[in-house]
$ cat structure.pdb   # PDB, C-alpha atoms (C1' of nucleotides)
MODEL        1
ATOM      1  CA  MET G  45      43.848  39.176  72.650
ATOM      2  CA  ASN G  46      40.491  38.483  71.030
ATOM      3  CA  MET G  47      38.656  40.518  68.414
ATOM      4  CA  LYS G  48      36.402  42.423  70.808
ATOM      5  CA  ASP G  49      39.158  43.684  73.108
ATOM      6  CA  PHE G  50      41.411  44.608  70.204
ATOM      7  CA  SER G  51      38.534  46.391  68.518
ATOM      8  CA  ASN G  52      37.908  48.447  71.663
ATOM      9  CA  ILE G  53      41.558  49.319  72.130
ATOM     10  CA  VAL G  54      42.271  50.492  68.595
ATOM     11  CA  GLY G  55      38.841  52.062  68.105
ATOM     12  CA  LEU G  56      37.978  50.204  64.905
ATOM     13  CA  SER G  57      35.056  47.843  64.417
ATOM     14  CA  PRO G  58      35.626  44.106  63.878
ATOM     15  CA  HIS G  59      34.271  44.596  60.370
ATOM     16  CA  THR G  60      36.854  47.264  59.649
ATOM     17  CA  LEU G  61      39.653  45.173  61.129
ATOM     18  CA  ARG G  62      38.807  42.192  58.912
ATOM     19  CA  TYR G  63      38.592  44.580  55.970
ATOM     20  CA  TYR G  64      42.052  45.975  56.756
ATOM     21  CA  GLU G  65      43.403  42.447  56.790
ATOM     22  CA  LYS G  66      41.749  41.673  53.484
ATOM     23  CA  ILE G  67      43.281  44.685  51.741
ATOM     24  CA  GLY G  68      46.751  43.948  53.126
ATOM     25  CA  LEU G  69      46.957  46.722  55.663
ATOM     26  CA  LEU G  70      47.177  44.371  58.619
ATOM     27  CA  LYS G  71      49.353  41.331  58.062
ATOM     28  CA  ASN G  72      50.504  38.315  60.080
ATOM     29  CA  VAL G  73      47.542  38.191  62.418
ATOM     30  CA  HIS G  74      47.841  34.990  64.429
ATOM     31  CA  ARG G  75      45.013  32.544  65.043
ATOM     32  CA  ASN G  76      44.268  30.449  68.109
ATOM     33  CA  THR G  77      43.442  26.735  67.941
ATOM     34  CA  SER G  78      39.819  27.406  67.045
ATOM     35  CA  GLY G  79      40.646  29.681  64.128
ATOM     36  CA  HIS G  80      39.812  32.949  65.909
ATOM     37  CA  ARG G  81      42.184  35.875  65.535
ATOM     38  CA  ALA G  82      44.657  36.414  68.388
ATOM     39  CA  TYR G  83      46.054  39.959  68.337
ATOM     40  CA  THR G  84      49.348  40.993  69.920
ATOM     41  CA  ASN G  85      50.839  44.215  71.272
ATOM     42  CA  ARG G  86      52.700  44.645  68.018
ATOM     43  CA  ASN G  87      49.333  44.629  66.242
ATOM     44  CA  ILE G  88      48.180  47.391  68.583
ATOM     45  CA  GLU G  89      51.250  49.493  67.811
ATOM     46  CA  TRP G  90      50.858  49.004  64.087
ATOM     47  CA  VAL G  91      47.151  49.832  63.958
ATOM     48  CA  SER G  92      47.753  52.909  66.122
ATOM     49  CA  PHE G  93      50.312  54.108  63.618
ATOM     50  CA  VAL G  94      47.931  53.327  60.777
ATOM     51  CA  ASN G  95      45.291  55.427  62.517
ATOM     52  CA  ARG G  96      47.708  58.325  62.792
ATOM     53  CA  LEU G  97      48.591  58.183  59.118
ATOM     54  CA  LYS G  98      44.899  57.938  58.246
ATOM     55  CA  GLU G  99      44.035  60.965  60.371
ATOM     56  CA  THR G 100      46.696  62.986  58.607
ATOM     57  CA  GLY G 101      44.980  62.237  55.322
ATOM     58  CA  MET G 102      47.140  59.463  53.938
ATOM     59  CA  PRO G 103      45.048  57.185  51.696
ATOM     60  CA  LEU G 104      44.899  53.528  52.728
ATOM     61  CA  ALA G 105      46.613  52.605  49.450
ATOM     62  CA  ASN G 106      49.743  54.492  50.543
ATOM     63  CA  ILE G 107      49.646  53.034  54.019
ATOM     64  CA  ILE G 108      49.462  49.581  52.446
ATOM     65  CA  GLU G 109      52.569  50.463  50.438
ATOM     66  CA  TYR G 110      54.388  51.350  53.657
ATOM     67  CA  ALA G 111      53.089  48.142  55.297
ATOM     68  CA  THR G 112      54.375  46.083  52.397
ATOM     69  CA  LEU G 113      57.836  47.677  52.581
ATOM     70  CA  ARG G 114      57.908  47.037  56.311
ATOM     71  CA  GLU G 115      57.170  43.370  55.697
ATOM     72  CA  LEU G 116      60.000  43.116  53.178
ATOM     73  CA  GLY G 117      62.510  43.745  55.943
ATOM     74  CA  SER G 118      65.434  45.966  56.752
ATOM     75  CA  ASN G 119      66.626  46.724  53.221
ATOM     76  CA  THR G 120      63.510  48.861  52.699
ATOM     77  CA  VAL G 121      64.314  51.117  55.661
ATOM     78  CA  LEU G 122      65.518  54.017  53.544
ATOM     79  CA  GLU G 123      62.531  53.841  51.245
ATOM     80  CA  ARG G 124      60.186  53.879  54.239
ATOM     81  CA  GLN G 125      62.004  56.843  55.739
ATOM     82  CA  MET G 126      61.647  58.750  52.484
ATOM     83  CA  LEU G 127      57.975  57.906  52.308
ATOM     84  CA  LEU G 128      57.447  59.297  55.788
ATOM     85  CA  GLU G 129      59.499  62.399  55.044
ATOM     86  CA  GLN G 130      57.392  63.122  51.998
ATOM     87  CA  HIS G 131      54.284  62.721  54.066
ATOM     88  CA  GLN G 132      55.735  65.037  56.701
ATOM     89  CA  GLU G 133      56.250  67.695  54.066
ATOM     90  CA  SER G 134      52.695  67.487  52.779
ATOM     91  CA  LEU G 135      51.398  67.521  56.336
ATOM     92  CA  LYS G 136      53.304  70.760  57.007
ATOM     93  CA  ILE G 137      51.793  72.288  53.910
ATOM     94  CA  HIS G 138      48.356  71.055  54.910
ATOM     95  CA  ILE G 139      48.653  72.687  58.345
ATOM     96  CA  GLN G 140      49.718  75.986  56.791
ATOM     97  CA  GLN G 141      46.736  75.837  54.445
ATOM     98  CA  GLN G 142      44.388  75.142  57.318
ATOM     99  CA  GLN G 143      45.789  78.098  59.224
ATOM    100  CA  LYS G 144      45.118  80.338  56.245
ATOM    101  CA  HIS G 145      41.587  78.998  56.058
ATOM    102  CA  LEU G 146      41.154  79.631  59.775
ATOM    103  CA  ALA G 147      42.235  83.239  59.399
ATOM    104  CA  ALA G 148      39.845  83.773  56.485
ATOM    105  CA  LEU G 149      37.032  82.182  58.436
ATOM    106  CA  ALA G 150      37.760  84.416  61.436
ATOM    107  CA  HIS G 151      37.571  87.419  59.118
ATOM    108  CA  LYS G 152      34.223  86.281  57.746
ATOM    109  CA  ILE G 153      32.876  85.776  61.260
ATOM    110  CA  SER G 154      34.033  89.248  62.281
ATOM    111  CA  GLN G 155      32.023  90.635  59.373
ATOM    112  CA  TYR G 156      28.976  88.843  60.717
ATOM    113  CA  LYS G 157      29.658  90.318  64.154
ATOM    114  CA  GLU G 158      29.911  93.832  62.739
ATOM    115  CA  GLY G 159      26.590  93.366  60.973
ATOM    116  CA  LYS G 160      28.210  93.657  57.551
ATOM    117  CA  VAL G 161      26.529  90.515  56.230
ATOM    118  CA  SER G 162      22.951  90.127  55.148
TER     119      SER G 162
ATOM    120  CA  MET W 163      30.535  84.391  31.954
ATOM    121  CA  ASN W 164      30.230  81.014  30.251
ATOM    122  CA  MET W 165      30.786  77.577  31.703
ATOM    123  CA  LYS W 166      34.354  77.142  30.513
ATOM    124  CA  ASP W 167      35.702  80.403  31.907
ATOM    125  CA  PHE W 168      33.888  79.961  35.192
ATOM    126  CA  SER W 169      35.163  76.397  35.444
ATOM    127  CA  ASN W 170      38.738  77.626  34.959
ATOM    128  CA  ILE W 171      38.414  80.408  37.498
ATOM    129  CA  VAL W 172      36.916  78.389  40.330
ATOM    130  CA  GLY W 173      38.925  75.267  39.549
ATOM    131  CA  LEU W 174      35.976  72.899  39.301
ATOM    132  CA  SER W 175      34.963  70.896  36.220
ATOM    133  CA  PRO W 176      31.737  71.690  34.351
ATOM    134  CA  HIS W 177      30.470  68.288  35.511
ATOM    135  CA  THR W 178      31.092  69.176  39.125
ATOM    136  CA  LEU W 179      29.500  72.604  38.722
ATOM    137  CA  ARG W 180      26.304  71.104  37.297
ATOM    138  CA  TYR W 181      26.366  68.548  40.083
ATOM    139  CA  TYR W 182      26.666  71.321  42.692
ATOM    140  CA  GLU W 183      23.657  73.019  41.174
ATOM    141  CA  LYS W 184      21.691  69.784  41.223
ATOM    142  CA  ILE W 185      22.337  69.175  44.932
ATOM    143  CA  GLY W 186      21.416  72.750  45.870
ATOM    144  CA  LEU W 187      24.899  74.039  46.630
ATOM    145  CA  LEU W 188      24.857  76.587  43.847
ATOM    146  CA  LYS W 189      21.557  78.401  43.394
ATOM    147  CA  ASN W 190      20.182  81.144  41.164
ATOM    148  CA  VAL W 191      22.495  80.545  38.240
ATOM    149  CA  HIS W 192      21.254  82.708  35.380
ATOM    150  CA  ARG W 193      20.813  81.528  31.803
ATOM    151  CA  ASN W 194      21.343  83.412  28.565
ATOM    152  CA  THR W 195      18.817  83.410  25.726
ATOM    153  CA  SER W 196      19.998  80.044  24.411
ATOM    154  CA  GLY W 197      19.674  78.302  27.765
ATOM    155  CA  HIS W 198      23.390  78.250  28.567
ATOM    156  CA  ARG W 199      24.489  79.166  32.089
ATOM    157  CA  ALA W 200      25.729  82.737  32.593
ATOM    158  CA  TYR W 201      27.800  83.021  35.757
ATOM    159  CA  THR W 202      28.373  86.263  37.666
ATOM    160  CA  ASN W 203      31.008  87.602  40.042
ATOM    161  CA  ARG W 204      28.736  86.738  42.932
ATOM    162  CA  ASN W 205      28.833  83.127  41.756
ATOM    163  CA  ILE W 206      32.633  83.265  41.805
ATOM    164  CA  GLU W 207      32.643  84.599  45.353
ATOM    165  CA  TRP W 208      30.222  81.966  46.523
ATOM    166  CA  VAL W 209      32.015  79.016  44.929
ATOM    167  CA  SER W 210      35.325  80.285  46.301
ATOM    168  CA  PHE W 211      33.831  80.285  49.769
ATOM    169  CA  VAL W 212      32.392  76.810  49.170
ATOM    170  CA  ASN W 213      35.863  75.628  48.170
ATOM    171  CA  ARG W 214      37.305  77.015  51.371
ATOM    172  CA  LEU W 215      34.711  75.275  53.518
ATOM    173  CA  LYS W 216      35.276  72.051  51.590
ATOM    174  CA  GLU W 217      39.040  72.225  52.067
ATOM    175  CA  THR W 218      38.568  72.628  55.792
ATOM    176  CA  GLY W 219      36.652  69.365  55.818
ATOM    177  CA  MET W 220      33.060  70.577  55.926
ATOM    178  CA  PRO W 221      30.793  68.018  54.216
ATOM    179  CA  LEU W 222      28.803  69.295  51.240
ATOM    180  CA  ALA W 223      25.585  68.556  53.177
ATOM    181  CA  ASN W 224      26.543  71.190  55.771
ATOM    182  CA  ILE W 225      27.579  73.694  53.135
ATOM    183  CA  ILE W 226      24.194  73.187  51.490
ATOM    184  CA  GLU W 227      22.592  73.954  54.844
ATOM    185  CA  TYR W 228      24.513  77.232  54.996
ATOM    186  CA  ALA W 229      23.604  77.976  51.364
ATOM    187  CA  THR W 230      19.938  77.414  52.132
ATOM    188  CA  LEU W 231      20.040  79.746  55.138
ATOM    189  CA  ARG W 232      21.749  82.381  53.019
ATOM    190  CA  GLU W 233      18.964  82.122  50.468
ATOM    191  CA  LEU W 234      16.325  82.596  53.161
ATOM    192  CA  GLY W 235      17.572  86.123  53.759
ATOM    193  CA  SER W 236      18.668  88.362  56.584
ATOM    194  CA  ASN W 237      16.737  86.778  59.417
ATOM    195  CA  THR W 238      19.031  83.756  59.239
ATOM    196  CA  VAL W 239      22.157  85.839  59.814
ATOM    197  CA  LEU W 240      22.614  84.770  63.412
ATOM    198  CA  GLU W 241      22.149  81.112  62.597
ATOM    199  CA  ARG W 242      24.749  81.346  59.832
ATOM    200  CA  GLN W 243      27.173  83.096  62.160
ATOM    201  CA  MET W 244      26.748  80.335  64.724
ATOM    202  CA  LEU W 245      27.283  77.697  62.072
ATOM    203  CA  LEU W 246      30.553  79.327  61.045
ATOM    204  CA  GLU W 247      31.663  79.745  64.643
ATOM    205  CA  GLN W 248      31.103  76.063  65.301
ATOM    206  CA  HIS W 249      33.107  75.229  62.226
ATOM    207  CA  GLN W 250      35.855  77.585  63.369
ATOM    208  CA  GLU W 251      36.050  75.710  66.658
ATOM    209  CA  SER W 252      36.342  72.321  65.006
ATOM    210  CA  LEU W 253      38.917  73.694  62.605
ATOM    211  CA  LYS W 254      41.038  74.911  65.546
ATOM    212  CA  ILE W 255      40.821  71.468  67.099
ATOM    213  CA  HIS W 256      41.697  69.861  63.789
ATOM    214  CA  ILE W 257      44.818  72.016  63.426
ATOM    215  CA  GLN W 258      45.930  71.145  66.952
ATOM    216  CA  GLN W 259      45.465  67.456  66.174
ATOM    217  CA  GLN W 260      47.455  67.759  62.997
ATOM    218  CA  GLN W 261      50.269  69.468  64.862
ATOM    219  CA  LYS W 262      50.367  66.583  67.338
ATOM    220  CA  HIS W 263      50.499  64.149  64.443
ATOM    221  CA  LEU W 264      53.298  66.147  62.867
ATOM    222  CA  ALA W 265      55.346  66.000  66.056
ATOM    223  CA  ALA W 266      54.811  62.236  66.335
ATOM    224  CA  LEU W 267      55.780  61.777  62.713
ATOM    225  CA  ALA W 268      58.922  63.838  63.216
ATOM    226  CA  HIS W 269      59.807  61.626  66.151
ATOM    227  CA  LYS W 270      59.328  58.485  64.073
ATOM    228  CA  ILE W 271      61.486  59.910  61.296
ATOM    229  CA  SER W 272      64.230  60.770  63.777
ATOM    230  CA  GLN W 273      64.212  57.122  64.854
ATOM    231  CA  TYR W 274      64.736  56.124  61.256
ATOM    232  CA  LYS W 275      67.608  58.580  61.002
ATOM    233  CA  GLU W 276      69.245  57.182  64.123
ATOM    234  CA  GLY W 277      68.994  53.682  62.677
ATOM    235  CA  LYS W 278      66.644  52.534  65.408
ATOM    236  CA  VAL W 279      64.118  51.056  62.990
ATOM    237  CA  SER W 280      64.428  47.800  61.115
TER     238      SER W 280
ATOM    239  C1'  DT D 228      28.060  76.925   5.398
ATOM    240  C1'  DT D 229      30.454  73.648   7.260
ATOM    241  C1'  DA D 230      33.103  71.907  10.868
ATOM    242  C1'  DC D 231      33.995  71.538  15.491
ATOM    243  C1'  DA D 232      34.161  73.125  20.090
ATOM    244  C1'  DA D 233      31.230  73.945  23.846
ATOM    245  C1'  DG D 234      26.868  73.799  25.812
ATOM    246  C1'  DT D 235      22.475  71.047  27.514
ATOM    247  C1'  DT D 236      19.907  66.972  30.138
ATOM    248  C1'  DA D 237      18.942  62.609  32.655
ATOM    249  C1'  DG D 238      20.849  59.142  34.423
ATOM    250  C1'  DA D 239      24.593  55.561  34.945
ATOM    251  C1'  DG D 240      29.297  54.472  36.658
ATOM    252  C1'  DT D 241      33.382  55.108  39.778
ATOM    253  C1'  DT D 242      36.284  55.323  43.937
ATOM    254  C1'  DA D 243      37.492  55.104  48.752
ATOM    255  C1'  DA D 244      36.488  53.406  52.891
ATOM    256  C1'  DC D 245      33.780  51.259  55.128
ATOM    257  C1'  DT D 246      29.463  48.524  56.834
ATOM    258  C1'  DC D 247      26.361  44.943  56.769
ATOM    259  C1'  DT D 248      24.203  40.196  55.773
ATOM    260  C1'  DA D 249      23.779  35.355  55.775
ATOM    261  C1'  DA D 250      24.881  31.172  57.308
ATOM    262  C1'  DG D 251      27.330  28.903  60.024
ATOM    263  C1'  DT D 252      30.996  27.608  64.232
ATOM    264  C1'  DC D 253      32.788  28.315  68.850
ATOM    265  C1'  DA D 254      33.063  29.775  73.863
ATOM    266  C1'  DA D 255      31.359  30.852  78.469
ATOM    267  C1'  DC D 256      27.992  30.732  81.900
ATOM    268  C1'  DT D 257      24.078  28.706  84.388
TER     269       DT D 257
ATOM    270  C1'  DA V 161      22.879  20.639  78.129
ATOM    271  C1'  DG V 162      21.208  24.783  76.564
ATOM    272  C1'  DT V 163      21.329  29.541  75.650
ATOM    273  C1'  DT V 164      23.654  33.646  74.540
ATOM    274  C1'  DG V 165      27.148  36.239  72.654
ATOM    275  C1'  DA V 166      31.337  36.351  69.909
ATOM    276  C1'  DC V 167      33.676  34.506  66.202
ATOM    277  C1'  DT V 168      34.309  32.951  61.099
ATOM    278  C1'  DT V 169      33.768  33.640  55.723
ATOM    279  C1'  DA V 170      32.360  35.422  51.138
ATOM    280  C1'  DG V 171      30.211  38.659  49.186
ATOM    281  C1'  DA V 172      26.660  42.395  48.827
ATOM    282  C1'  DG V 173      25.272  47.159  50.099
ATOM    283  C1'  DT V 174      26.202  52.057  51.491
ATOM    284  C1'  DT V 175      27.817  56.891  51.407
ATOM    285  C1'  DA V 176      30.105  60.971  49.745
ATOM    286  C1'  DA V 177      31.677  63.272  46.117
ATOM    287  C1'  DC V 178      32.375  63.203  42.028
ATOM    288  C1'  DT V 179      32.856  61.685  36.901
ATOM    289  C1'  DC V 180      31.274  60.074  32.741
ATOM    290  C1'  DT V 181      27.947  58.731  28.800
ATOM    291  C1'  DA V 182      24.618  59.362  25.305
ATOM    292  C1'  DA V 183      22.062  62.033  22.553
ATOM    293  C1'  DC V 184      21.246  66.305  21.339
ATOM    294  C1'  DT V 185      21.623  71.727  20.586
ATOM    295  C1'  DT V 186      24.223  76.001  20.143
ATOM    296  C1'  DG V 187      28.241  79.217  19.112
ATOM    297  C1'  DT V 188      32.238  80.504  16.512
ATOM    298  C1'  DA V 189      35.959  80.680  13.120
ATOM    299  C1'  DA V 190      37.478  79.626   8.160
TER     300       DA V 190
ENDMDL
END
$ encode --input "structure.pdb" --output "structure tokens"
Amino acid sequence: MNMKDFSNIVGLSPHTLRYYEKIGLLKNVHRNTSGHRAYTNRNIEWVSFVNRLKETGMPLANIIEYATLRELGSNTVLERQMLLEQHQESLKIHIQQQQKHLAALAHKISQYKEGKVS
Amino acid sequence: MNMKDFSNIVGLSPHTLRYYEKIGLLKNVHRNTSGHRAYTNRNIEWVSFVNRLKETGMPLANIIEYATLRELGSNTVLERQMLLEQHQESLKIHIQQQQKHLAALAHKISQYKEGKVS
DNA sequence: TTACAAGTTAGAGTTAACTCTAAGTCAACT
DNA sequence: AGTTGACTTAGAGTTAACTCTAACTTGTAA
């Protein structure tokens, strides 16, 4: 699959995709005979997972760490699992925080509705 | 209240607090006779609210917009309420998204636990 | 009164994550 | 065969939100 199609599927610009490759977030991208990138389904899966981690607030540096472990093979499985479990924990905490913020915001809005704010 | 105490209470560095003033996020900060800032309880309340908006992902530019409306007085009350209601909506959507991500992450972790990942 | 901690300003530097530019090569269609 | 659009690289520029520096003034405790 060429750059344009891949870009559309994963929702990242060609610029961003080349940048991700440069910083080591996207490895082993194949090339066709003319030197253009040829993406595979595995690339789609990986970038989709990267997008998920990104959207849950994981910095690219940490995602690169996970990517690097993944590349090192099956004896990093436990380390990767632990990394994800830690992230799961902080995501749970984040959601709880956001729910608190939502409640406080709802309270503030109710004060506006009752005309208690000037 | 002087800079140091205020900084400790609101959890922002003196640098950041001066920066917030410069960009119009923190207005009407009083000065004592020697030109040092003298913060009030109202400043604490405001910065606490700013922190909440920040933590729910509102960009400083939008918070400044709200701050500016607030300064314009009571005929901007409705506009402020609408601004907060919009933010409330996007916060709800954000939380839902995060919960989806959490479920997907839990699924991935369970695959690790079942030894289905190499 | 002498340290030294804390305050002040304008403006420069940093970090993360892109985003774009220039200058060129390659592919697909008419 | 020519045009148009997509691809390549290295490297520069951008944006948000700080964070720090330099040079100086003020406040406080011994």
$ closest_residue --input "structure.pdb" --among "G:Ser78, G:Asn72, G:Gln142, G:Ser57" --to "W:Lys216" --atoms "only C-alpha atoms"
G:Gln142
$ resolve_selection --input "structure.pdb" --expression "the PyMOL selection byres ((chain W) within 7 of (chain G))" --output "list of chain:residue names"
W:Arg214, W:Thr218, W:Gly235, W:Ser236, W:Val239, W:Gln243, W:Leu246, W:Gln250, W:Leu253, W:Ile257, W:Gln260, W:His263, W:Leu264, W:Leu267, W:Ile271, W:Tyr274, W:Ser280
$ residues_around --input "structure.pdb" --residues "W:Leu222" --least-positions-apart "3" --cutoff "12 Å" --atoms "all atoms listed in the file" --output "PyMOL selection string"
(chain W and resi 181-183+185-188+212-219+225-229) or (chain V and resi 176-178)
$ interface_residues --input "structure.pdb" --of "chain G" --to "chain V" --cutoff "12 Å" --atoms "all atoms listed in the file" --output "ChimeraX atom specification"
/G:46-49,58-59,62-63,66,75-76,78-82
$ interface_residues --input "structure.pdb" --of "chain D" --to "chain G" --cutoff "10 Å" --atoms "all atoms listed in the file" --output "PyMOL selection string"
chain D and resi 243-247+252-254
$ atom_distance --input "structure.pdb" --atom1 "atom CA of W:Ser252" --atom2 "atom CA of G:Met102"
20.1 Å
$ calpha_fit_and_write --input "structure.pdb" --fixed "chain W" --moving "chain G" --output "compact mmCIF listing (two decimals) with C-alpha atoms, in the coordinates of the input"
# COMPACT_ATOMS: atom_id res chain seq x y z
CA MET G 45 30.53 84.40 31.93
CA ASN G 46 30.21 81.02 30.23
CA MET G 47 30.77 77.57 31.69
CA LYS G 48 34.35 77.13 30.49
CA ASP G 49 35.69 80.41 31.89
CA PHE G 50 33.87 79.96 35.18
CA SER G 51 35.15 76.41 35.43
CA ASN G 52 38.73 77.63 34.95
CA ILE G 53 38.40 80.42 37.47
CA VAL G 54 36.91 78.39 40.31
CA GLY G 55 38.94 75.27 39.53
CA LEU G 56 35.98 72.90 39.28
CA SER G 57 34.97 70.90 36.22
CA PRO G 58 31.73 71.69 34.36
CA HIS G 59 30.47 68.30 35.51
CA THR G 60 31.10 69.19 39.13
CA LEU G 61 29.50 72.61 38.73
CA ARG G 62 26.30 71.11 37.30
CA TYR G 63 26.37 68.56 40.11
CA TYR G 64 26.67 71.33 42.71
CA GLU G 65 23.66 73.02 41.18
CA LYS G 66 21.70 69.79 41.23
CA ILE G 67 22.33 69.18 44.93
CA GLY G 68 21.43 72.76 45.86
CA LEU G 69 24.89 74.04 46.62
CA LEU G 70 24.85 76.59 43.84
CA LYS G 71 21.56 78.40 43.39
CA ASN G 72 20.17 81.15 41.16
CA VAL G 73 22.48 80.55 38.23
CA HIS G 74 21.24 82.71 35.37
CA ARG G 75 20.78 81.53 31.80
CA ASN G 76 21.33 83.41 28.56
CA THR G 77 18.80 83.41 25.70
CA SER G 78 20.00 80.05 24.41
CA GLY G 79 19.65 78.30 27.75
CA HIS G 80 23.37 78.23 28.57
CA ARG G 81 24.47 79.15 32.08
CA ALA G 82 25.71 82.72 32.57
CA TYR G 83 27.79 83.02 35.76
CA THR G 84 28.35 86.26 37.65
CA ASN G 85 30.99 87.61 40.03
CA ARG G 86 28.74 86.74 42.93
CA ASN G 87 28.83 83.13 41.74
CA ILE G 88 32.62 83.29 41.78
CA GLU G 89 32.65 84.61 45.35
CA TRP G 90 30.22 81.97 46.52
CA VAL G 91 32.01 79.03 44.93
CA SER G 92 35.33 80.29 46.30
CA PHE G 93 33.85 80.28 49.77
CA VAL G 94 32.40 76.83 49.16
CA ASN G 95 35.87 75.64 48.17
CA ARG G 96 37.32 77.03 51.38
CA LEU G 97 34.73 75.28 53.52
CA LYS G 98 35.30 72.07 51.57
CA GLU G 99 39.06 72.25 52.05
CA THR G 100 38.58 72.64 55.78
CA GLY G 101 36.67 69.37 55.80
CA MET G 102 33.09 70.57 55.90
CA PRO G 103 30.81 68.02 54.21
CA LEU G 104 28.81 69.29 51.24
CA ALA G 105 25.61 68.56 53.17
CA ASN G 106 26.56 71.20 55.76
CA ILE G 107 27.60 73.69 53.13
CA ILE G 108 24.21 73.19 51.49
CA GLU G 109 22.60 73.97 54.84
CA TYR G 110 24.53 77.24 55.01
CA ALA G 111 23.61 77.99 51.37
CA THR G 112 19.95 77.42 52.13
CA LEU G 113 20.04 79.75 55.14
CA ARG G 114 21.76 82.38 53.03
CA GLU G 115 18.98 82.15 50.47
CA LEU G 116 16.33 82.60 53.16
CA GLY G 117 17.57 86.13 53.78
CA SER G 118 18.67 88.36 56.59
CA ASN G 119 16.72 86.76 59.44
CA THR G 120 19.03 83.73 59.24
CA VAL G 121 22.16 85.83 59.82
CA LEU G 122 22.61 84.75 63.42
CA GLU G 123 22.14 81.10 62.60
CA ARG G 124 24.74 81.35 59.84
CA GLN G 125 27.17 83.09 62.17
CA MET G 126 26.75 80.32 64.72
CA LEU G 127 27.29 77.69 62.07
CA LEU G 128 30.54 79.33 61.05
CA GLU G 129 31.66 79.73 64.66
CA GLN G 130 31.10 76.06 65.30
CA HIS G 131 33.10 75.23 62.22
CA GLN G 132 35.86 77.57 63.38
CA GLU G 133 36.05 75.70 66.66
CA SER G 134 36.35 72.31 65.01
CA LEU G 135 38.93 73.69 62.61
CA LYS G 136 41.04 74.89 65.56
CA ILE G 137 40.83 71.46 67.10
CA HIS G 138 41.70 69.86 63.79
CA ILE G 139 44.83 72.01 63.44
CA GLN G 140 45.95 71.13 66.96
CA GLN G 141 45.46 67.44 66.18
CA GLN G 142 47.46 67.76 62.99
CA GLN G 143 50.27 69.46 64.88
CA LYS G 144 50.37 66.58 67.34
CA HIS G 145 50.49 64.14 64.45
CA LEU G 146 53.30 66.15 62.88
CA ALA G 147 55.34 65.99 66.07
CA ALA G 148 54.81 62.23 66.35
CA LEU G 149 55.77 61.77 62.73
CA ALA G 150 58.93 63.84 63.23
CA HIS G 151 59.81 61.60 66.17
CA LYS G 152 59.31 58.48 64.07
CA ILE G 153 61.49 59.91 61.31
CA SER G 154 64.23 60.75 63.80
CA GLN G 155 64.20 57.10 64.87
CA TYR G 156 64.73 56.12 61.26
CA LYS G 157 67.62 58.59 61.04
CA GLU G 158 69.25 57.16 64.15
CA GLY G 159 69.00 53.67 62.69
CA LYS G 160 66.63 52.55 65.44
CA VAL G 161 64.13 51.06 62.99
CA SER G 162 64.43 47.82 61.11
$ atom_distance --input "structure.pdb" --atom1 "atom CA of G:Arg86" --atom2 "atom CA of G:Gly55"
15.7 Å
$ atom_distance --input "structure.pdb" --atom1 "atom CA of W:Ser210" --atom2 "atom CA of W:Met163"
15.7 Å
$ axis_aligned_box --input "structure.pdb" --around "stretch 249-252 of chain D" --padding-each-side "4 Å" --output "AutoDock Vina command-line options"
--center_x 27.4 --center_y 31.5 --center_z 60.0 --size_x 15.2 --size_y 15.7 --size_z 16.5
